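Asker: Input: one structure, supplied below.
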Amino acid sequence: MSDLIPSLRPGLDVFASPDPERPGVVLRDPMGYSDAIAIVPPPWLPVLRCCNGHTTLLDCQAQLTRLSGEIVSAEAIRSFLDVLAKHGFMATPDFAERKRRVEQAFAAAPVRAPRHAASAYPAEAAELRATLQGYFAGAPGAREASAPALALAAPHVSPAGGAASYVHAYRQWPAALAGRELIILGTSHYGLPNRFGLTRKTFLTPLGSLEVAGDAVDFLLQRAPEACILEDYCHAVEHSIEFQCVFARYALEAAGHGLPPPRIVPILCGPILGDDPAVERFIAALSELAAVRPGQWLWVLGIDLAHIGRRYGDRLAARADSGLMVDVRRRDEERLAAALAGDAAGLRALVRPDDDDLRWCGFAPLYTFLRAQPQARGSLLHYQQWNIDEESVVSFAALRFDSPISRAADADREAMAGS
């Protein structure tokens with residue numbers, strides 16, 4: 001390592017250690033280039049501030065010695081930095097090569113492995129099935145669908161935290177799956193702005209696989225190539241689509257109709273910022289895809305709403321459904337009302353995605369859907385806030401969308417049944 005200290009890699013998770021026996025700051029790589037988790041103890045935190053690409057080892061030594069009141073050897077600092085670099089936390093040439101190898105391996109793999117099995121949900125089929133059965137049994141107010149939906153939106157928060165909203169969404173599935181294929185729009189937490197991540201890889205889950213509709217992927221690539229990233233590495237680590245695949249397989253199994261699993265079109269939606277012609281062409285391509293095969297697609301959106309509290313940079317602690325979260329709910333519902341009315345422009349004006357103080361991470365998939373299916377009108381099935389930790393809250397919801405024609409037909413059926 002040269003005397004100029006490299007920068008810490010962008011995109012790392014950096015947060016206070018939750019273990020009082022091991023205080024300090026945790027470094028973790030959500031992109032999976034490194035599987036290591038580092039806890040930097042308090043005396044070494046000033047060194048992290050020197051990892052900026054323009055501070056020398058000598059300057060860092062002087063700062064650390066001044067702050068600690070003790071002489072800290074350059075060799076000790078160099079060893080500390082070498083450990084960070086070895087585990088892929090530093091922006092070095094070695095990391096660039098590591099990143100290239102990892103992304104190349106994903107691109108060459110024939111399937112997309114269940115990245116979050118054994119952490120966010122059980123990896124073994126019987127245990128997962130029992131867990132999901134428990135979620136569904138614990139939400140008796142969730143009603144089953146009487147008719148197929150045009151689209152459903154479910155959370156992408158931890159299944160345990162968002163269980164009630166997941167169930168309210170996926171109770172709609174038995175009536176919605178027959179003969180349908182799924183366009184799954186998920187938030188890309190690490191994706192490029194104004195780009196859509198595609199893949200042709202079969203998605204594996206502990207309950208079975210879901211094959212990708214390659215012809216639909218090809219259609220989107222042909223119509224809007226500049227907006228697409230094929231075999232986007234974000235698919236390897238992203239949970240927003242993975243969780244929907246797990247619930248989709250369970251819903252299909254629970255329906256008990258012996259139907260083959262539907263093919264899917266998994267699309268990761270990066271942040272939508274400004275006015276980009278490439279985004280417009282991609283949305284037009286999605287709309288055209290749906291029009292070419294009318295009635296074939298069920299749209300599935302993996303979205304969360306607000307992110308409030310210390311974990312997300314706020315100075316105040318947040319508690320679900322109390323204090324400042326009461327007003328967050330009001331604002332969430334105002335935004336949802338625009339979405340459910342099919343008002344994409346109104347939703348965008350409320351969210352202001354370039355500078356959203358609520359940090360709505362589901363805006364891009366929801367906006368993309370509303371623009372691609374402007375006839376959609378929706379209903380709120382369930383709204384929920386959940387403390388992801390003691391001082392931070394995520395909000396989310398279960399939504400159902402229909403076309404005006406299908407909604408009118410449902411109303412006619414209900415009127416005839418009541419007469």
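Identifiers in this document derive from the order of the structure tokens: chains are assigned A, B, ..., residues are numbered from 1 separately in each chain, and ligands are numbered from 1 in order of occurrence.
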Would you return as a PDB file with C-alpha atoms, in the first residue's frame the members of range 305-385 of chain A that DSSP assigns to helix (DSSP H, G or I) on this structure's backbone?

Answerer:
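Written file, out14.pdb:
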```pdb
ATOM      1  CA  ARG A 310     -31.427   7.280  13.303  1.00  0.00           C
ATOM      2  CA  ARG A 311     -30.474   4.387  11.018  1.00  0.00           C
ATOM      3  CA  TYR A 312     -31.421   6.589   8.062  1.00  0.00           C
ATOM      4  CA  LEU A 324     -43.579  11.987  14.172  1.00  0.00           C
ATOM      5  CA  MET A 325     -44.684   8.688  12.583  1.00  0.00           C
ATOM      6  CA  VAL A 326     -48.321   9.811  12.843  1.00  0.00           C
ATOM      7  CA  ASP A 327     -47.600  12.572  10.339  1.00  0.00           C
ATOM      8  CA  VAL A 328     -45.522  10.155   8.242  1.00  0.00           C
ATOM      9  CA  ARG A 329     -48.600   7.958   7.954  1.00  0.00           C
ATOM     10  CA  ARG A 330     -50.666  10.947   6.810  1.00  0.00           C
ATOM     11  CA  ARG A 331     -48.102  11.754   4.134  1.00  0.00           C
ATOM     12  CA  ASP A 332     -47.765   8.099   3.107  1.00  0.00           C
ATOM     13  CA  GLU A 333     -51.521   7.893   2.668  1.00  0.00           C
ATOM     14  CA  GLU A 334     -51.567  11.128   0.641  1.00  0.00           C
ATOM     15  CA  ARG A 335     -48.984   9.661  -1.728  1.00  0.00           C
ATOM     16  CA  LEU A 336     -50.766   6.317  -1.875  1.00  0.00           C
ATOM     17  CA  ALA A 337     -54.030   8.081  -2.707  1.00  0.00           C
ATOM     18  CA  ALA A 338     -52.364   9.615  -5.784  1.00  0.00           C
ATOM     19  CA  ALA A 339     -50.972   6.235  -6.820  1.00  0.00           C
ATOM     20  CA  LEU A 340     -54.270   4.418  -6.313  1.00  0.00           C
ATOM     21  CA  ALA A 344     -48.321   9.183 -11.714  1.00  0.00           C
ATOM     22  CA  ALA A 345     -47.522  12.876 -12.120  1.00  0.00           C
ATOM     23  CA  GLY A 346     -49.189  13.713  -8.805  1.00  0.00           C
ATOM     24  CA  LEU A 347     -47.230  10.958  -7.059  1.00  0.00           C
ATOM     25  CA  ARG A 348     -43.963  12.250  -8.486  1.00  0.00           C
ATOM     26  CA  ALA A 349     -44.763  15.803  -7.357  1.00  0.00           C
ATOM     27  CA  LEU A 350     -45.418  14.571  -3.806  1.00  0.00           C
ATOM     28  CA  VAL A 351     -42.392  12.311  -3.583  1.00  0.00           C
ATOM     29  CA  PHE A 363     -41.196   5.091  -5.819  1.00  0.00           C
ATOM     30  CA  ALA A 364     -39.408   3.875  -8.983  1.00  0.00           C
ATOM     31  CA  PRO A 365     -41.316   0.565  -9.394  1.00  0.00           C
ATOM     32  CA  LEU A 366     -44.651   2.191  -8.512  1.00  0.00           C
ATOM     33  CA  TYR A 367     -44.127   5.121 -10.862  1.00  0.00           C
ATOM     34  CA  THR A 368     -42.954   2.804 -13.662  1.00  0.00           C
ATOM     35  CA  PHE A 369     -46.077   0.686 -13.292  1.00  0.00           C
ATOM     36  CA  LEU A 370     -48.436   3.678 -13.217  1.00  0.00           C
ATOM     37  CA  ARG A 371     -46.859   5.116 -16.358  1.00  0.00           C
ATOM     38  CA  ALA A 372     -46.919   1.767 -18.186  1.00  0.00           C
TER      39      ALA A 372
END
```

Asker: Please produce, as CSV, a per-residue contact table for range 174-274 of chain A versus range 165-170 of chain A (criterion: any atom at most 10 Å away, only C-alpha atoms considered), showing the nearest atom pair and its distance in Å to one decimal, sorted by chain then residue number.

Answerer:
```
residue,atom,partner,partner_atom,distance
A:Pro174,CA,A:Tyr170,CA,8.2
A:Ala176,CA,A:Tyr170,CA,9.7
A:Phe243,CA,A:Tyr166,CA,9.7
A:Gln244,CA,A:Tyr166,CA,9.1
A:Phe247,CA,A:Tyr170,CA,7.2
A:Ala248,CA,A:Tyr170,CA,7.7
A:Tyr250,CA,A:Tyr170,CA,9.2
A:Ala251,CA,A:Tyr170,CA,6.6
A:Leu252,CA,A:Tyr170,CA,9.8
```

Asker: With only C-alpha atoms as the basis for distance, which of A:Ile183, A:Ile303, A:Leu210, A:Ala16 is at the shortest distance from Ala113 in chain A?

Answerer: A:Leu210

Asker: Going by DSSP on the backbone, which bits of range 262-293 of chain A are strand (DSSP E or B)? Write them as a ChimeraX atom specification, please.

Answerer: /A:264-269

Asker: Got a sec: who's within 8 Å of Ile37 in chain A, counting only C-alpha atoms, leaving out chain neighbours fewer than 4 positions off, as an mmCIF file with N, CA and C atoms, in the first residue's frame?

Answerer:
```cif
data_model
loop_
_atom_site.group_PDB
_atom_site.id
_atom_site.type_symbol
_atom_site.label_atom_id
_atom_site.label_comp_id
_atom_site.auth_asym_id
_atom_site.auth_seq_id
_atom_site.Cartn_x
_atom_site.Cartn_y
_atom_site.Cartn_z
ATOM 1 N N VAL A 26 -19.528 -0.865 12.506
ATOM 2 C CA VAL A 26 -19.562 -2.058 11.665
ATOM 3 C C VAL A 26 -19.411 -1.651 10.207
ATOM 4 N N LEU A 27 -18.558 -2.367 9.478
ATOM 5 C CA LEU A 27 -18.443 -2.238 8.027
ATOM 6 C C LEU A 27 -18.939 -3.530 7.404
ATOM 7 N N ARG A 28 -19.859 -3.397 6.455
ATOM 8 C CA ARG A 28 -20.426 -4.574 5.798
ATOM 9 C C ARG A 28 -20.690 -4.236 4.337
ATOM 10 N N ASP A 29 -20.539 -5.216 3.484
ATOM 11 C CA ASP A 29 -20.689 -4.995 2.045
ATOM 12 C C ASP A 29 -22.014 -5.572 1.560
#
```

Asker: Do you know which residues are at most 8 Å from range 64-71 of chain A counting only C-alpha atoms, after dropping those on the same chain fewer than 5 positions away, and could you put them as a list of chain:residue names?

Answerer: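 Result of the neighbour search: A:Pro43, A:Pro46, A:Val47.
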
Asker: Let me see the file: selected residues, N, CA and C atoms, as a PDB file, in the first residue's frame.

Answerer:
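The new file selection-v3.pdb reads:
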```
ATOM      1  N   PRO A  43     -10.951   3.383  19.186  1.00  0.00           N
ATOM      2  CA  PRO A  43      -9.655   4.054  19.005  1.00  0.00           C
ATOM      3  C   PRO A  43      -9.206   4.163  17.544  1.00  0.00           C
ATOM      4  N   PRO A  46     -10.730   7.245  13.957  1.00  0.00           N
ATOM      5  CA  PRO A  46     -10.122   8.363  13.215  1.00  0.00           C
ATOM      6  C   PRO A  46      -9.407   7.918  11.938  1.00  0.00           C
ATOM      7  N   VAL A  47      -8.918   6.665  11.915  1.00  0.00           N
ATOM      8  CA  VAL A  47      -8.243   6.179  10.710  1.00  0.00           C
ATOM      9  C   VAL A  47      -9.236   6.090   9.552  1.00  0.00           C
TER      10      VAL A  47
END
```

Asker: Nearest to Ala91 in chain A: which of A:Ile5, A:Ala376, A:Ala290, A:Leu132 is it, counting only C-alpha atoms?

Answerer: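 For Ala91 in chain A, the nearest of the given residues is A:Ile5.
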
Asker: Show me, as a list in words, the residues that have an atom within 9 Å of Phe196 in chain A when counting only C-alpha atoms, minus same-chain residues fewer than 3 positions from it.

Answerer: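 Everything that qualifies: Ser188, Gly191, Leu192, Pro193, Ala227, Cys228, Ile229, Leu230, Asp232, Ile267, Leu268, Cys269, Gly270, Val279 and Phe282 of chain A.
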
Asker: Separation of CA of Leu259 in chain A and CA of Pro159 in chain A, in Å?

Answerer: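 Interatomic distance here is 24.8 Å.
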
Asker: Quick check, in Å to one decimal: how far apart do CA of Thr56 in chain A and CA of Pro93 in chain A lie?

Answerer: 17.8 Å

Asker: Counting only C-alpha atoms, what is within 12 Å of Asp215 in chain A, bar same-chain residues fewer than 3 positions away, as an NGL selection string?

Answerer: :A and (199-200 or 211-212 or 218-222 or 263-265 or 289)

Asker: Please dump the current selection as a short mmCIF file (atom, residue, chain, number, x, y, z; two decimals), in the first residue's frame; keep C-alpha atoms.

Answerer:
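As a result, part.cif now contains:
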```cif
data_model
loop_
_atom_site.label_atom_id
_atom_site.label_comp_id
_atom_site.auth_asym_id
_atom_site.auth_seq_id
_atom_site.Cartn_x
_atom_site.Cartn_y
_atom_site.Cartn_z
CA THR A 199 -31.73 -11.00 -16.22
CA ARG A 200 -32.56 -14.25 -18.01
CA GLU A 211 -38.20 -19.39 -15.00
CA VAL A 212 -37.76 -16.08 -16.76
CA ASP A 218 -35.58 -9.72 -25.48
CA PHE A 219 -38.56 -7.51 -26.35
CA LEU A 220 -37.55 -4.90 -23.77
CA LEU A 221 -33.91 -5.01 -24.84
CA GLN A 222 -34.86 -4.45 -28.47
CA ARG A 263 -42.81 -17.45 -15.93
CA ILE A 264 -41.52 -14.12 -14.64
CA VAL A 265 -39.98 -10.94 -16.01
CA LEU A 289 -45.43 -5.61 -24.04
#
```

Asker: Counting only C-alpha atoms, which of A:Ala130, A:Ile184, A:Ala318, A:Ala109 gets nearest to Asn387 in chain A?

Answerer: A:Ala318

Asker: Name the residues in contact with Arg143 in chain A at a cut-off of 9 Å, using only C-alpha atoms, excluding same-chain residues fewer than 4 positions from it; report them as a list in words.

Answerer: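 The neighbour list is His168, Arg171, Gln172 and Leu381 of chain A.
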
Asker: Save the residues we just selected, C-alpha atoms, as a tab-separated table (two decimals), in the first residue's frame?

Answerer:
```tsv
chain	number	residue	atom	x	y	z
A	168	HIS	CA	-52.87	-9.09	2.62
A	171	ARG	CA	-54.20	-13.55	-0.29
A	172	GLN	CA	-55.14	-12.09	-3.68
A	381	LEU	CA	-55.42	-3.52	1.39
```

Asker: Counting only C-alpha atoms, which residue out of A:Glu75, A:Glu226, A:Glu127, A:Glu231 sits closest to Gln104 in chain A?

Answerer: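 Looking at the shortest contact to Gln104 in chain A, the residue is A:Glu231.
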
Asker: Quick one: pull the distance between CA of Pro206 in chain A and CA of Ala254 in chain A, Å, one decimal.

Answerer: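 Atom-to-atom, CA of Pro206 in chain A to CA of Ala254 in chain A, that is 14.8 Å.
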